[in-house]
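What follows is a short report on a single structure.
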Amino acid sequence: MVASAVLGFPRIGANREVKKAVEAYWAGKITADQLTQAAADVKKTNWTSLKAKGVDYVPSGEFSLYDHVLDHSAAFNVIPKRYVGQGLTPLDVYFAMGRGRQADGVDVPASEMKKWFDSNYHFVVPEFSEETDFKLNFNKAIEEYKEAQALGIETRPVVLGPVSFLVLGKASKDAKPDFQPLSLLPNLLPVYKQLLADLKTAGAEWVQLDEPVLVLDKAASYEKEYTSAYSELSAVAPKILLTTYFGRLDSNLNFVAKLPIAGLHIDLDRAPGQLDEVIVAVKPTNIVLSLGLVSGRNIWKTDFQAALKLGQKAVDALGQDRVIVATSSSLLHIPVTLDSEKKLTPQQKDWLSFALEKAQEVSVLAKALSSSQEANVSYALKANEESISRRREFERTSDDAVRKRVAAITPEMHERKSPFAVRKEVQKKHIELPKFPTTTIGSFPQTKEIRNARAKYTKGEITEEQYEDFLKKEIESVVRFQETVGLDLLVHGEPERNDMVQYFGEQLNGFVFTQNGWVQSYGSRYVRPPIIVSDVSRPGPITVKWSSYAQSVTKFPMKGMLTGPVTILNWSFPRADVSRELQSKQLALALRDEVIDLEKAGIHAVQVDEPAIREGLPLRRVDWDAYLKWAVDSFKLATAGVSDALQTHSHFCYSDFDDIFPSIQRLDADVISIEASKSDMKLITTFKHYGYSNNIGPGVYDIHSPRVPGDQEIRDRLKAMLEILPDSLLFVNPDCGLKTRGWKETEASLKNLVSAARWARQHYA
């Protein structure tokens with residue numbers, strides 16, 4: 001009989017209960033015990049809901065208050081020295097690692113974050129050195145297994161695999177120059193063995209060990225480590241399901257199929273073409289094959305006919321008892337349930353499937369592949385066939401004007417009128433910024449008053465005129481604040497925007513939106529990704545009114561703020577029926593019109609943010625060139641339609657640029673700003689190595705933490721930057737937008753930033 005499984009479930013709660021509880025704990029409004037109870041309530045709901053949907057293998061151990069990789073680091077005692085001996089409880093040490101802490105005499109920055117493979121989820125990067133002392137501070141996997149067991153629910157514990165844990169980490173500052181985290185594998189394995197042996201003793205039949213690095217090219221060099229690790233672990237562990245996702249195994253399959261594992265999970269949503277070779281590789285073994293037939297990354301209803309065709313191929317080759325139908329990855333990346341959506345039309349809801357609905361899908365597919373004769377299974381298969389047919393009919397419609405405009409794109413439309421060296425001289429006269437110009441990345445604090453006004457306007461409790469008057473007052477207040485603090489290139493603060501992607505989607509044709517479709521980005525930061533359902537176009541100006549108003553109330557230059565085409569695409573749920581390239585180019589043309597209109601309105605600079613351009617890079621190098629070609633072309637198409645006098649900016653965060661730097665250069669933005677405060681200057685070194693000659697603003701402090709950096713701290717960062725970069729190119733700015741910060745910390749941080757920049761002007765005159 002074919003079984004069903006879910007690899008992981010959203011841990012935010014159907015109504016964002018975890019966010020509310022965590023932030024209440026940070027604010028001192030609830031105790032640690034109350035936070036633990038709130039978490040227990042959400043876990044209970046998740047487990048019981050999945051069981052009710054008919055899922056055979058319900059996951060446990062993957063819940064997190066902040067980040068599952070951070071959980072793993074805390075459990076295995078991978079805690080950097082700066083957080084030890086501060087008099088903090090284990091829970092507060094955990095949160096300090098995730099977001100920093102500046103209170104009660106403790107002043108520590110947050111750990112570095114990176115994107116989780118090619119998703120918009122951020123994980124906290126583990127830090128290793130020769131002195132890392134692995135030990136099991138707590139066994140989260142067994143604690144949650146027993147917690148579910150007490151509710152009468154048998155679960156399959158989820159644990160991040162040892163090789164991936166080490167490979168995803170980095171060497172700490174006190175490690176030797178040639179240190180490699182993977183060298184610690186022999187020291188780490190005894191702790192894993194203890195954890196897994198305890199699970200087996202507790203009665204767990206299976207354990208899911210996630211090894212997502214196996215879909216990367218570099219995993220080919222880890223055969224020895226995987227072989228030794230899993231030979232040791234399999235001897236003491238429950239049955240091991242080795243889990244891969246987000247891509248294909250490719251040649252790594254050659255050694256993976258030989259590992260002493262009981263099961264192997266593959267992602268057939270992202271890489272359906274790998275099924276045949278995987279079947280051939282595992283058929284002579286006893287390995288159970290878990291098929292990721294239901295997408296954990298998108299919100300479209302699964303096409304049962306297509307999924308069953310793949311599933312049946314595996315069943316025919318291996319037999320029902322050696323096949324599991326599963327989600328392709330954890331469902332962490334999609335909203336909890338469609339039941340919360342009251343404003344989507346019946347047609348729109350018919351297209352979609354969120355986490356709970358996808359749990360139902362894996363259950364139905366498993367039963368269908370088991371030749372179930374249950375009436376509800378037959379009904380579900382028929383209903384799905386009709387639903388998919390209706391969606392395919394809708395997808396056949398298109399906007400001819402948009403398609404023709406994309407077809408008419410010429411190479412010349414991607415290029416500015418003059419090279420950067422010429423533009424720079426023109427812009428000096430047009431904008432007149434000082435040396436080491438100071439600016440921000442765009443957004444200012446979204447206060448309770450702003451959120452309340454937006455809610456009242458949405459509910460019809462205030463008129464459009466009243467809402468716009470409120471926004472103008474907020475904009476002028478932010479402008480006056482920037483003037484007072486002493487910033488050089490101002491922004492309007494974005495009080496009108498609910499989210500940097502959702503806001504633009506709401507102004508464009510081709511999108512639909514959810515009420516409660518929240519997805520975790522990092523920590524307690526959740527987003528509601530828009531859904532692209534049809535061809536995208538701009539019916540009219542989006543930001544011009546607000547940026548031009550802001551310019552009208554100041555003599556300082558104003559920077560317009562847009563989200564770039566690749567980021568809008570990557571941070572939305574895209575269409576599955578047309579290419580991402582087509583969708584990106586449609587977005588680029590819409591934004592091109594907006595950039596041109598901003599220049600006509602008297603705006604001196606326009607920032608087109610592309611924080612997701614690196615994130616969207618395919619996981620296999622062989623697929624890079626095609627993506628980078630259309631991704632870079634999309635940015636250039638959006639920004640190249642203006643005069644030399646307009647200064648174009650772009651922003652990138654949490655990105656490793658080493659391997660794609662020629663593409664970053666090809667963007668040809670006049671100024672780029674990058675996350676740099678937590679990456680030990682390694683990104684800036686890359687810019688020097690490649691001889692980057694355009695302006696650059698490495699972030700001088702981390703905005704994802706409430707901690708306020710001191711004036712001297714920022715000076716020290718500028719000194720370090722100027723040892724690497726020419727002083728003629730340097731802009732001074734925070735790491736990212738200030739939307740999630742409070743005004744008190746924002747004011748203190750920006751005053752210190754401006755003070756440090758003024759010091760630099762004197763010191764490097």
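Note on naming: chains are A, B, ... as they come in the structure tokens, residues start from 1 per chain, ligands start from 1 in the order shown.
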Which residues are close to Glu17 in chain A, i.e. within 10 Å by only C-alpha atoms, leaving aside same-chain residues fewer than 6 positions away? Reply as a ChimeraX atom specification. /A:11,38-39,41-42
DSSP strand (DSSP E or B) residues within range 568-624 of chain A, as a PyMOL selection string: chain A and resi 573+605-609
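Separating CA of Leu591 in chain A from CA of Val501 in chain A is a distance of 12.6 Å.
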Counting only C-alpha atoms, what is within 8 Å of Val236 in chain A, bar same-chain residues fewer than 4 positions away, as a PyMOL selection string? chain A and resi 193+196-197+200+232
I'd like the contact shell of range 465-476 of chain A - 12 Å cut-off, only C-alpha atoms, skipping same-chain residues fewer than 6 positions apart - returned as an MDAnalysis selection string. chainID A and resid 443:447 449:459 482:483 490:497 545:554 558
Find, counting only C-alpha atoms, the residue in A:Ala760, A:Met413, A:Ile714, A:Leu35 that gets nearest to Leu589 in chain A. A:Met413
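You will find CA of Gly85 in chain A at 12.2 Å from CA of Asp107 in chain A.
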